[in-house]
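Colleague: Input: one structure, supplied below.
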Amino acid sequence: MGGLLISLSDNVNILEHMCDTLTSVDPPAGESALIERIAELERMKSAAAAGQARAAAALDAARRAAEADSGVPAARRGRGVANEIALARRDSPARGGRHLGFAKALVHEMPHTLLALESGALSEWRATLIVRESACLQIEDRRALDAELCGDPAGLDGMGDARVAAAAKAIAYRLDPHAVVDRAAKAENERTVTIRPAPDTMTYLTALLPVAQGVSVYAALRRQADLRGDGRSRGQVMADTLVERVTGREAAVPAPIGVNLVLSDETLLGGDSTPADISGYGPIPAAVARAMVASAVVDRRSRATLRRLYAHPRTGALVAMESRARLFPRALAAFIEFRDQRCRTPYCDAPIRHRDHAQPWARGGSTTAHNGLGSCERCNYAKEAGGWRVSTNIDETHTHTAEFITPTGCRYRSGAPPRAPAITVSDVEVRVGVALARHAA
Ligand SMILES: [Zn+2]
């Protein structure tokens, strides 16, 4: 802060005072004063976003300079910075990466967009849209787009998200039509399939495809729907056809292929309504889990394994797993996955890809549930950057906790998600089929 000498405790006081000022509202001030207040706070949100962008770009530059001084190879400099920004913003590492890319583009290449954000003419999201649409351009063209669209912030007045994005796209296309086409070709590499929960125990299965493939899949499903005549709706026929063609099974037999289900034996065998949990999806109602198991039992093609997961009687925290598998590490990996459910970095939520040693194996860390941590690929990679430390513990509620210490010395803590506290007996993992055989035995 130019020329001002402020001690740390002064800084904390100033921040607290600012927060008090920001959150105080005076209802008797009248309606127009309240509207004025809302507009004013919106401007401050934009200004805060601009301040975060400047700080993020400065952190990245400082870290890279320090790493260059200590001889870190160029390709490895700045690794993990996005994850630190994510933790500080209570956001996922994937978003942290976007925040940092956005910050560097604004601060180093798009001064007009940054100013428009600072003054409140743009929201953080609209500034992000402009950066995104200009990402495919060479730096001179990006600067030209920045000046043309945001040089006069008054021109942004009244423009909504879609218009801002369209204006940026139109300028980018005019400046460098080839870059936009090249970007379309590159985007094909991003094709993927993802899954996320929908309300009422449904799920969204989303495919991101090149437009030709996406359209042909959709057309094939519609063609099938045109042939229907059995009382199902078009949407139902299309969904059933999708399931049949992808899994090779009739949609009416809802047997999951290799779906891991975690549930208490009370839920499985009794009428208990404690939710079950599908690995990689989340909780499902007890009755739905029972129906999945029952329908799988009549399907001879279901291969099955059974494992007990021991939950702490009071807290429901998963504390151990009986291992019947021959390869212990595999059973351990499965246990860590059931216990952690998702990447253990705070706010991350990504699916587990690695069973990580908190204390690295090379430095004497053991291959145990205690030292193990479910981690996504990105977080696992970030933690390998210099200055990160992770330690694990079991707290007084028997919950497995992990503490992440970043290169700047910030500490963040994550606990394994609690299982339903109602569970007092061992949990049972069912790769459906054998569970009921065990019951019969
Ligand atoms: Zn992660």
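Every chain in the structure tokens takes a letter, A first, then B, and so on in the order presented; its residues are numbered from 1, and the ligands are numbered from 1 following the presented order.
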Could the residues that lie within 10 Å of ligand 1, counting only C-alpha atoms and all ligand atoms, be listed as a PDB file with all heavy atoms, in the first residue's frame?

Modeller:
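The resulting file, part.pdb, is reproduced below:
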ATOM      1  N   ASN A  83      -3.562 -23.744  -6.581  1.00  0.00           N
ATOM      2  CA  ASN A  83      -4.192 -24.440  -5.458  1.00  0.00           C
ATOM      3  C   ASN A  83      -4.200 -23.578  -4.199  1.00  0.00           C
ATOM      4  O   ASN A  83      -5.144 -23.611  -3.426  1.00  0.00           O
ATOM      5  CB  ASN A  83      -3.460 -25.749  -5.180  1.00  0.00           C
ATOM      6  CG  ASN A  83      -3.695 -26.763  -6.272  1.00  0.00           C
ATOM      7  OD1 ASN A  83      -3.405 -26.491  -7.436  1.00  0.00           O
ATOM      8  ND2 ASN A  83      -4.239 -27.904  -5.927  1.00  0.00           N
ATOM      9  N   SER A  92     -12.634 -24.567  -5.470  1.00  0.00           N
ATOM     10  CA  SER A  92     -11.976 -25.793  -5.897  1.00  0.00           C
ATOM     11  C   SER A  92     -10.676 -25.447  -6.624  1.00  0.00           C
ATOM     12  O   SER A  92     -10.559 -24.364  -7.205  1.00  0.00           O
ATOM     13  CB  SER A  92     -12.892 -26.583  -6.828  1.00  0.00           C
ATOM     14  OG  SER A  92     -12.967 -25.923  -8.073  1.00  0.00           O
ATOM     15  N   PRO A  93      -9.707 -26.379  -6.622  1.00  0.00           N
ATOM     16  CA  PRO A  93      -8.454 -26.118  -7.334  1.00  0.00           C
ATOM     17  C   PRO A  93      -8.675 -25.841  -8.820  1.00  0.00           C
ATOM     18  O   PRO A  93      -7.950 -25.034  -9.412  1.00  0.00           O
ATOM     19  CB  PRO A  93      -7.656 -27.412  -7.143  1.00  0.00           C
ATOM     20  CG  PRO A  93      -8.206 -27.998  -5.894  1.00  0.00           C
ATOM     21  CD  PRO A  93      -9.659 -27.644  -5.881  1.00  0.00           C
ATOM     22  N   ALA A  94      -9.671 -26.503  -9.422  1.00  0.00           N
ATOM     23  CA  ALA A  94      -9.932 -26.255 -10.847  1.00  0.00           C
ATOM     24  C   ALA A  94     -10.308 -24.784 -11.048  1.00  0.00           C
ATOM     25  O   ALA A  94      -9.821 -24.110 -11.960  1.00  0.00           O
ATOM     26  CB  ALA A  94     -11.052 -27.162 -11.342  1.00  0.00           C
ATOM     27  N   ARG A 342     -14.417 -38.190  -1.709  1.00  0.00           N
ATOM     28  CA  ARG A 342     -13.942 -37.248  -2.719  1.00  0.00           C
ATOM     29  C   ARG A 342     -12.564 -36.755  -2.311  1.00  0.00           C
ATOM     30  O   ARG A 342     -12.133 -36.992  -1.188  1.00  0.00           O
ATOM     31  CB  ARG A 342     -14.904 -36.073  -2.863  1.00  0.00           C
ATOM     32  CG  ARG A 342     -16.228 -36.546  -3.414  1.00  0.00           C
ATOM     33  CD  ARG A 342     -17.154 -35.444  -3.828  1.00  0.00           C
ATOM     34  NE  ARG A 342     -18.304 -36.053  -4.488  1.00  0.00           N
ATOM     35  CZ  ARG A 342     -18.407 -36.246  -5.787  1.00  0.00           C
ATOM     36  NH1 ARG A 342     -17.463 -35.852  -6.588  1.00  0.00           N
ATOM     37  NH2 ARG A 342     -19.473 -36.822  -6.315  1.00  0.00           N
ATOM     38  N   CYS A 343     -11.904 -36.045  -3.228  1.00  0.00           N
ATOM     39  CA  CYS A 343     -10.575 -35.494  -2.940  1.00  0.00           C
ATOM     40  C   CYS A 343     -10.599 -34.758  -1.606  1.00  0.00           C
ATOM     41  O   CYS A 343     -11.519 -34.000  -1.326  1.00  0.00           O
ATOM     42  CB  CYS A 343     -10.157 -34.547  -4.056  1.00  0.00           C
ATOM     43  SG  CYS A 343      -8.587 -33.732  -3.725  1.00  0.00           S
ATOM     44  N   ARG A 344      -9.580 -35.000  -0.769  1.00  0.00           N
ATOM     45  CA  ARG A 344      -9.603 -34.463   0.581  1.00  0.00           C
ATOM     46  C   ARG A 344      -9.142 -33.006   0.674  1.00  0.00           C
ATOM     47  O   ARG A 344      -9.205 -32.405   1.752  1.00  0.00           O
ATOM     48  CB  ARG A 344      -8.760 -35.350   1.497  1.00  0.00           C
ATOM     49  CG  ARG A 344      -9.501 -36.600   1.936  1.00  0.00           C
ATOM     50  CD  ARG A 344     -10.582 -36.276   2.954  1.00  0.00           C
ATOM     51  NE  ARG A 344     -10.006 -35.821   4.197  1.00  0.00           N
ATOM     52  CZ  ARG A 344      -9.546 -36.619   5.145  1.00  0.00           C
ATOM     53  NH1 ARG A 344      -9.617 -37.922   4.996  1.00  0.00           N
ATOM     54  NH2 ARG A 344      -9.032 -36.122   6.245  1.00  0.00           N
ATOM     55  N   THR A 345      -8.634 -32.415  -0.405  1.00  0.00           N
ATOM     56  CA  THR A 345      -8.309 -30.992  -0.347  1.00  0.00           C
ATOM     57  C   THR A 345      -9.594 -30.220  -0.062  1.00  0.00           C
ATOM     58  O   THR A 345     -10.606 -30.466  -0.706  1.00  0.00           O
ATOM     59  CB  THR A 345      -7.730 -30.514  -1.687  1.00  0.00           C
ATOM     60  OG1 THR A 345      -6.596 -31.301  -1.992  1.00  0.00           O
ATOM     61  CG2 THR A 345      -7.322 -29.046  -1.621  1.00  0.00           C
ATOM     62  N   PRO A 346      -9.562 -29.270   0.907  1.00  0.00           N
ATOM     63  CA  PRO A 346     -10.773 -28.501   1.188  1.00  0.00           C
ATOM     64  C   PRO A 346     -11.340 -27.859  -0.090  1.00  0.00           C
ATOM     65  O   PRO A 346     -10.565 -27.374  -0.913  1.00  0.00           O
ATOM     66  CB  PRO A 346     -10.290 -27.431   2.175  1.00  0.00           C
ATOM     67  CG  PRO A 346      -9.106 -28.043   2.843  1.00  0.00           C
ATOM     68  CD  PRO A 346      -8.453 -28.903   1.810  1.00  0.00           C
ATOM     69  N   TYR A 347     -12.640 -27.904  -0.242  1.00  0.00           N
ATOM     70  CA  TYR A 347     -13.402 -27.301  -1.350  1.00  0.00           C
ATOM     71  C   TYR A 347     -13.201 -28.000  -2.697  1.00  0.00           C
ATOM     72  O   TYR A 347     -13.720 -27.555  -3.706  1.00  0.00           O
ATOM     73  CB  TYR A 347     -13.086 -25.803  -1.531  1.00  0.00           C
ATOM     74  CG  TYR A 347     -12.993 -25.051  -0.241  1.00  0.00           C
ATOM     75  CD1 TYR A 347     -11.786 -24.552   0.209  1.00  0.00           C
ATOM     76  CD2 TYR A 347     -14.131 -24.868   0.549  1.00  0.00           C
ATOM     77  CE1 TYR A 347     -11.697 -23.888   1.419  1.00  0.00           C
ATOM     78  CE2 TYR A 347     -14.047 -24.210   1.751  1.00  0.00           C
ATOM     79  CZ  TYR A 347     -12.834 -23.711   2.189  1.00  0.00           C
ATOM     80  OH  TYR A 347     -12.746 -23.059   3.370  1.00  0.00           O
ATOM     81  N   CYS A 348     -12.400 -29.067  -2.762  1.00  0.00           N
ATOM     82  CA  CYS A 348     -12.071 -29.620  -4.079  1.00  0.00           C
ATOM     83  C   CYS A 348     -13.241 -30.401  -4.681  1.00  0.00           C
ATOM     84  O   CYS A 348     -13.681 -30.098  -5.781  1.00  0.00           O
ATOM     85  CB  CYS A 348     -10.821 -30.498  -4.046  1.00  0.00           C
ATOM     86  SG  CYS A 348     -10.427 -31.135  -5.684  1.00  0.00           S
ATOM     87  N   ASP A 349     -13.735 -31.434  -3.983  1.00  0.00           N
ATOM     88  CA  ASP A 349     -14.889 -32.198  -4.481  1.00  0.00           C
ATOM     89  C   ASP A 349     -14.631 -33.060  -5.709  1.00  0.00           C
ATOM     90  O   ASP A 349     -15.550 -33.687  -6.210  1.00  0.00           O
ATOM     91  CB  ASP A 349     -16.076 -31.261  -4.832  1.00  0.00           C
ATOM     92  CG  ASP A 349     -16.799 -30.781  -3.601  1.00  0.00           C
ATOM     93  OD1 ASP A 349     -16.485 -31.301  -2.514  1.00  0.00           O
ATOM     94  OD2 ASP A 349     -17.666 -29.898  -3.725  1.00  0.00           O
ATOM     95  N   ALA A 350     -13.417 -33.056  -6.255  1.00  0.00           N
ATOM     96  CA  ALA A 350     -13.175 -33.865  -7.460  1.00  0.00           C
ATOM     97  C   ALA A 350     -13.133 -35.341  -7.072  1.00  0.00           C
ATOM     98  O   ALA A 350     -12.838 -35.682  -5.935  1.00  0.00           O
ATOM     99  CB  ALA A 350     -11.857 -33.453  -8.107  1.00  0.00           C
ATOM    100  N   PRO A 351     -13.436 -36.255  -8.037  1.00  0.00           N
ATOM    101  CA  PRO A 351     -13.371 -37.677  -7.724  1.00  0.00           C
ATOM    102  C   PRO A 351     -11.939 -38.089  -7.353  1.00  0.00           C
ATOM    103  O   PRO A 351     -10.974 -37.486  -7.823  1.00  0.00           O
ATOM    104  CB  PRO A 351     -13.776 -38.356  -9.031  1.00  0.00           C
ATOM    105  CG  PRO A 351     -14.367 -37.302  -9.885  1.00  0.00           C
ATOM    106  CD  PRO A 351     -13.846 -35.997  -9.420  1.00  0.00           C
ATOM    107  N   ILE A 352     -11.828 -39.119  -6.517  1.00  0.00           N
ATOM    108  CA  ILE A 352     -10.512 -39.606  -6.091  1.00  0.00           C
ATOM    109  C   ILE A 352      -9.839 -40.357  -7.240  1.00  0.00           C
ATOM    110  O   ILE A 352     -10.448 -41.228  -7.853  1.00  0.00           O
ATOM    111  CB  ILE A 352     -10.660 -40.531  -4.867  1.00  0.00           C
ATOM    112  CG1 ILE A 352     -11.137 -39.706  -3.662  1.00  0.00           C
ATOM    113  CG2 ILE A 352      -9.346 -41.241  -4.553  1.00  0.00           C
ATOM    114  CD1 ILE A 352     -11.469 -40.542  -2.448  1.00  0.00           C
ATOM    115  N   ARG A 353      -8.615 -39.981  -7.547  1.00  0.00           N
ATOM    116  CA  ARG A 353      -7.842 -40.698  -8.558  1.00  0.00           C
ATOM    117  C   ARG A 353      -6.615 -41.369  -7.961  1.00  0.00           C
ATOM    118  O   ARG A 353      -6.110 -42.337  -8.490  1.00  0.00           O
ATOM    119  CB  ARG A 353      -7.371 -39.740  -9.655  1.00  0.00           C
ATOM    120  CG  ARG A 353      -8.473 -39.229 -10.532  1.00  0.00           C
ATOM    121  CD  ARG A 353      -8.720 -40.141 -11.730  1.00  0.00           C
ATOM    122  NE  ARG A 353      -9.910 -39.695 -12.441  1.00  0.00           N
ATOM    123  CZ  ARG A 353     -11.133 -40.083 -12.128  1.00  0.00           C
ATOM    124  NH1 ARG A 353     -11.337 -40.941 -11.150  1.00  0.00           N
ATOM    125  NH2 ARG A 353     -12.168 -39.615 -12.791  1.00  0.00           N
ATOM    126  N   HIS A 354      -6.105 -40.801  -6.860  1.00  0.00           N
ATOM    127  CA  HIS A 354      -4.902 -41.347  -6.227  1.00  0.00           C
ATOM    128  C   HIS A 354      -5.161 -41.629  -4.760  1.00  0.00           C
ATOM    129  O   HIS A 354      -5.853 -40.859  -4.110  1.00  0.00           O
ATOM    130  CB  HIS A 354      -3.737 -40.355  -6.323  1.00  0.00           C
ATOM    131  CG  HIS A 354      -3.335 -40.047  -7.721  1.00  0.00           C
ATOM    132  ND1 HIS A 354      -2.388 -40.771  -8.395  1.00  0.00           N
ATOM    133  CD2 HIS A 354      -3.779 -39.097  -8.585  1.00  0.00           C
ATOM    134  CE1 HIS A 354      -2.260 -40.284  -9.615  1.00  0.00           C
ATOM    135  NE2 HIS A 354      -3.089 -39.273  -9.767  1.00  0.00           N
ATOM    136  N   GLY A 374      -7.343 -39.739   0.091  1.00  0.00           N
ATOM    137  CA  GLY A 374      -7.883 -39.733  -1.261  1.00  0.00           C
ATOM    138  C   GLY A 374      -7.585 -38.387  -1.892  1.00  0.00           C
ATOM    139  O   GLY A 374      -7.772 -37.346  -1.272  1.00  0.00           O
ATOM    140  N   SER A 375      -7.109 -38.400  -3.129  1.00  0.00           N
ATOM    141  CA  SER A 375      -6.699 -37.150  -3.760  1.00  0.00           C
ATOM    142  C   SER A 375      -7.027 -37.191  -5.241  1.00  0.00           C
ATOM    143  O   SER A 375      -6.986 -38.247  -5.861  1.00  0.00           O
ATOM    144  CB  SER A 375      -5.186 -36.979  -3.556  1.00  0.00           C
ATOM    145  OG  SER A 375      -4.740 -35.845  -4.245  1.00  0.00           O
ATOM    146  N   CYS A 376      -7.383 -36.042  -5.812  1.00  0.00           N
ATOM    147  CA  CYS A 376      -7.566 -35.986  -7.257  1.00  0.00           C
ATOM    148  C   CYS A 376      -6.191 -35.783  -7.892  1.00  0.00           C
ATOM    149  O   CYS A 376      -5.208 -35.501  -7.207  1.00  0.00           O
ATOM    150  CB  CYS A 376      -8.535 -34.881  -7.661  1.00  0.00           C
ATOM    151  SG  CYS A 376      -7.852 -33.219  -7.543  1.00  0.00           S
ATOM    152  N   GLU A 377      -6.143 -35.905  -9.203  1.00  0.00           N
ATOM    153  CA  GLU A 377      -4.864 -35.837  -9.891  1.00  0.00           C
ATOM    154  C   GLU A 377      -4.203 -34.473  -9.689  1.00  0.00           C
ATOM    155  O   GLU A 377      -3.019 -34.368  -9.384  1.00  0.00           O
ATOM    156  CB  GLU A 377      -5.114 -36.072 -11.380  1.00  0.00           C
ATOM    157  CG  GLU A 377      -3.977 -36.748 -12.051  1.00  0.00           C
ATOM    158  CD  GLU A 377      -4.414 -37.403 -13.349  1.00  0.00           C
ATOM    159  OE1 GLU A 377      -5.629 -37.692 -13.513  1.00  0.00           O
ATOM    160  OE2 GLU A 377      -3.538 -37.603 -14.191  1.00  0.00           O
ATOM    161  N   ARG A 378      -5.011 -33.434  -9.840  1.00  0.00           N
ATOM    162  CA  ARG A 378      -4.475 -32.079  -9.770  1.00  0.00           C
ATOM    163  C   ARG A 378      -3.879 -31.773  -8.386  1.00  0.00           C
ATOM    164  O   ARG A 378      -2.788 -31.215  -8.280  1.00  0.00           O
ATOM    165  CB  ARG A 378      -5.607 -31.090 -10.076  1.00  0.00           C
ATOM    166  CG  ARG A 378      -5.244 -29.655  -9.907  1.00  0.00           C
ATOM    167  CD  ARG A 378      -6.495 -28.809  -9.915  1.00  0.00           C
ATOM    168  NE  ARG A 378      -6.919 -28.476 -11.257  1.00  0.00           N
ATOM    169  CZ  ARG A 378      -6.551 -27.375 -11.900  1.00  0.00           C
ATOM    170  NH1 ARG A 378      -5.740 -26.521 -11.335  1.00  0.00           N
ATOM    171  NH2 ARG A 378      -6.988 -27.119 -13.099  1.00  0.00           N
ATOM    172  N   CYS A 379      -4.594 -32.161  -7.343  1.00  0.00           N
ATOM    173  CA  CYS A 379      -4.120 -31.854  -5.989  1.00  0.00           C
ATOM    174  C   CYS A 379      -2.889 -32.666  -5.641  1.00  0.00           C
ATOM    175  O   CYS A 379      -1.975 -32.183  -4.974  1.00  0.00           O
ATOM    176  CB  CYS A 379      -5.230 -32.102  -4.976  1.00  0.00           C
ATOM    177  SG  CYS A 379      -6.594 -30.953  -5.149  1.00  0.00           S
ATOM    178  N   ASN A 380      -2.878 -33.922  -6.091  1.00  0.00           N
ATOM    179  CA  ASN A 380      -1.731 -34.772  -5.840  1.00  0.00           C
ATOM    180  C   ASN A 380      -0.476 -34.142  -6.448  1.00  0.00           C
ATOM    181  O   ASN A 380       0.587 -34.085  -5.838  1.00  0.00           O
ATOM    182  CB  ASN A 380      -2.000 -36.138  -6.468  1.00  0.00           C
ATOM    183  CG  ASN A 380      -0.984 -37.175  -6.020  1.00  0.00           C
ATOM    184  OD1 ASN A 380      -0.452 -37.089  -4.926  1.00  0.00           O
ATOM    185  ND2 ASN A 380      -0.709 -38.129  -6.872  1.00  0.00           N
ATOM    186  N   TYR A 381      -0.627 -33.624  -7.626  1.00  0.00           N
ATOM    187  CA  TYR A 381       0.462 -33.005  -8.374  1.00  0.00           C
ATOM    188  C   TYR A 381       0.902 -31.707  -7.700  1.00  0.00           C
ATOM    189  O   TYR A 381       2.084 -31.447  -7.522  1.00  0.00           O
ATOM    190  CB  TYR A 381      -0.079 -32.750  -9.775  1.00  0.00           C
ATOM    191  CG  TYR A 381       0.923 -32.285 -10.787  1.00  0.00           C
ATOM    192  CD1 TYR A 381       1.966 -33.130 -11.186  1.00  0.00           C
ATOM    193  CD2 TYR A 381       0.804 -31.041 -11.382  1.00  0.00           C
ATOM    194  CE1 TYR A 381       2.868 -32.705 -12.136  1.00  0.00           C
ATOM    195  CE2 TYR A 381       1.697 -30.619 -12.334  1.00  0.00           C
ATOM    196  CZ  TYR A 381       2.736 -31.453 -12.715  1.00  0.00           C
ATOM    197  OH  TYR A 381       3.620 -31.028 -13.646  1.00  0.00           O
ATOM    198  N   ALA A 382      -0.080 -30.905  -7.272  1.00  0.00           N
ATOM    199  CA  ALA A 382       0.235 -29.611  -6.642  1.00  0.00           C
ATOM    200  C   ALA A 382       1.039 -29.819  -5.364  1.00  0.00           C
ATOM    201  O   ALA A 382       1.960 -29.066  -5.065  1.00  0.00           O
ATOM    202  CB  ALA A 382      -1.044 -28.847  -6.344  1.00  0.00           C
TER     203      ALA A 382
END

Colleague: Which residue is closest to Ala198 of chain A? Choose from A:Ala121, A:Pro360, A:Ile284, A:Ala74 and count only C-alpha atoms.

Modeller: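 Among the listed residues, the smallest separation from Ala198 of chain A belongs to A:Ile284.
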
Colleague: Write out as an NGL selection string which residues come within 8 Å of Ala369 of chain A when counting only C-alpha atoms, dropping same-chain ones fewer than 2 positions away.

Modeller: :A and (320 or 332 or 335-336 or 367 or 371-373)

Colleague: Hey, which bits of segment 106-171 of chain A sit within 12 Å of segment 181-188 of chain A, and for each residue what's the closest pair of atoms and how far apart in Å (one decimal), counting only C-alpha atoms, rows by chain and increasing number, as JSON lines?

Modeller:
{"residue": "A:Arg132", "atom": "CA", "partner": "A:Arg183", "partner_atom": "CA", "distance": 11.5}
{"residue": "A:Glu133", "atom": "CA", "partner": "A:Arg183", "partner_atom": "CA", "distance": 10.3}
{"residue": "A:Ser134", "atom": "CA", "partner": "A:Arg183", "partner_atom": "CA", "distance": 10.8}
{"residue": "A:Ala135", "atom": "CA", "partner": "A:Arg183", "partner_atom": "CA", "distance": 9.2}
{"residue": "A:Cys136", "atom": "CA", "partner": "A:Arg183", "partner_atom": "CA", "distance": 6.3}
{"residue": "A:Leu137", "atom": "CA", "partner": "A:Arg183", "partner_atom": "CA", "distance": 9.4}

Colleague: Would you please extract all helix (DSSP H, G or I) residues from segment 88-234 of chain A, as assigned by DSSP on the backbone, and give them as a PyMOL selection string?

Modeller: chain A and resi 88+93-109+111-118+124-134+139-150+153-156+161-175+177-190+211-226+234

Colleague: For Ala170 of chain A, find every residue with an atom within 12 Å (counting only C-alpha atoms), except residues of its own chain fewer than 5 positions away, and show them as a ChimeraX atom specification.

Modeller: /A:130,133-134,145,148-149,163-165,175-177,180

Colleague: Env of Pro73 of chain A: 12 Å cut, atoms = only C-alpha atoms, seq-sep filter 6 positions within chain, self excluded. Answer as JSON, numbers by chain.

Modeller: {"A": [64, 65, 66, 67, 79, 385]}

Colleague: Residues as selected, all heavy atoms, written as an mmCIF file, in the first residue's frame, can you do that?

Modeller:
data_model
loop_
_atom_site.group_PDB
_atom_site.id
_atom_site.type_symbol
_atom_site.label_atom_id
_atom_site.label_comp_id
_atom_site.auth_asym_id
_atom_site.auth_seq_id
_atom_site.Cartn_x
_atom_site.Cartn_y
_atom_site.Cartn_z
ATOM 1 N N ARG A 64 7.413 -17.299 -8.745
ATOM 2 C CA ARG A 64 8.256 -17.714 -9.872
ATOM 3 C C ARG A 64 9.660 -17.124 -9.768
ATOM 4 O O ARG A 64 10.656 -17.785 -10.069
ATOM 5 C CB ARG A 64 7.614 -17.304 -11.198
ATOM 6 C CG ARG A 64 6.486 -18.240 -11.603
ATOM 7 C CD ARG A 64 5.689 -17.684 -12.790
ATOM 8 N NE ARG A 64 4.518 -18.492 -13.006
ATOM 9 C CZ ARG A 64 4.515 -19.627 -13.711
ATOM 10 N NH1 ARG A 64 5.617 -20.049 -14.281
ATOM 11 N NH2 ARG A 64 3.404 -20.335 -13.837
ATOM 12 N N ALA A 65 9.731 -15.858 -9.317
ATOM 13 C CA ALA A 65 11.044 -15.216 -9.179
ATOM 14 C C ALA A 65 11.864 -15.928 -8.108
ATOM 15 O O ALA A 65 13.047 -16.224 -8.299
ATOM 16 C CB ALA A 65 10.861 -13.743 -8.827
ATOM 17 N N ALA A 66 11.219 -16.231 -6.984
ATOM 18 C CA ALA A 66 11.936 -16.908 -5.895
ATOM 19 C C ALA A 66 12.408 -18.279 -6.347
ATOM 20 O O ALA A 66 13.522 -18.705 -6.027
ATOM 21 C CB ALA A 66 11.031 -17.028 -4.675
ATOM 22 N N GLU A 67 11.554 -18.985 -7.110
ATOM 23 C CA GLU A 67 11.927 -20.323 -7.562
ATOM 24 C C GLU A 67 13.055 -20.262 -8.590
ATOM 25 O O GLU A 67 13.932 -21.128 -8.617
ATOM 26 C CB GLU A 67 10.696 -21.053 -8.120
ATOM 27 C CG GLU A 67 9.772 -21.503 -6.993
ATOM 28 C CD GLU A 67 8.455 -22.093 -7.479
ATOM 29 O OE1 GLU A 67 8.050 -21.801 -8.631
ATOM 30 O OE2 GLU A 67 7.821 -22.822 -6.706
ATOM 31 N N ARG A 79 4.158 -24.021 -9.829
ATOM 32 C CA ARG A 79 3.288 -25.173 -9.629
ATOM 33 C C ARG A 79 2.652 -25.072 -8.234
ATOM 34 O O ARG A 79 3.347 -24.788 -7.263
ATOM 35 C CB ARG A 79 4.138 -26.440 -9.708
ATOM 36 C CG ARG A 79 3.332 -27.697 -9.826
ATOM 37 C CD ARG A 79 4.209 -28.883 -9.510
ATOM 38 N NE ARG A 79 4.797 -29.449 -10.715
ATOM 39 C CZ ARG A 79 5.491 -30.598 -10.702
ATOM 40 N NH1 ARG A 79 5.675 -31.253 -9.586
ATOM 41 N NH2 ARG A 79 5.994 -31.068 -11.814
ATOM 42 N N ALA A 385 4.815 -29.868 -5.295
ATOM 43 C CA ALA A 385 5.593 -28.634 -5.408
ATOM 44 C C ALA A 385 6.236 -28.336 -4.057
ATOM 45 O O ALA A 385 5.746 -28.754 -3.016
ATOM 46 C CB ALA A 385 4.683 -27.486 -5.828
#

Colleague: Which is closer to Leu117 of chain A than all the others in A:Ala49, A:Glu337, A:Ala75, A:Ala58, using only C-alpha atoms?

Modeller: A:Ala49

Colleague: Which one is closest to Thr241 of chain A: A:Leu221, A:Ala33, A:Ala154, A:Ala162? Count only C-alpha atoms.

Modeller: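 That would be A:Leu221, the residue with the smallest distance to Thr241 of chain A.
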
Colleague: Identify, on the basis of only C-alpha atoms, every residue whose closest approach to segment 408-416 of chain A does not exceed 8 Å; exclude the query and any residue fewer than 4 positions from it along the same chain; express the result as a list in words.

Modeller: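 Counting only C-alpha atoms, the residues come to Leu87, Ala317, Arg339, Asp340, Arg344, Thr345, Pro346, Gly387, Thr399, His400, Thr401, Ala402, Glu403 and Phe404 of chain A.
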
Colleague: Can you tell me how far atom CA of Ala50 of chain A sits from atom CA of Glu118 of chain A, in Å to one decimal?

Modeller: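 Between atom CA of Ala50 of chain A and atom CA of Glu118 of chain A the gap works out to 5.3 Å.
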
Colleague: Check segment 343-395 of chain A with DSSP on the backbone and list each residue it calls strand (DSSP E or B), as a ChimeraX atom specification.

Modeller: /A:354-357,372-375,389-394

Colleague: Tell me, as a ChimeraX atom specification, which residues lie within 12 Å of segment 106-110 of chain A, counting only C-alpha atoms; anything in the same chain fewer than 2 positions away does not count.

Modeller: /A:49-58,60-61,99-104,112-118,124,127-132,134-135,137-151
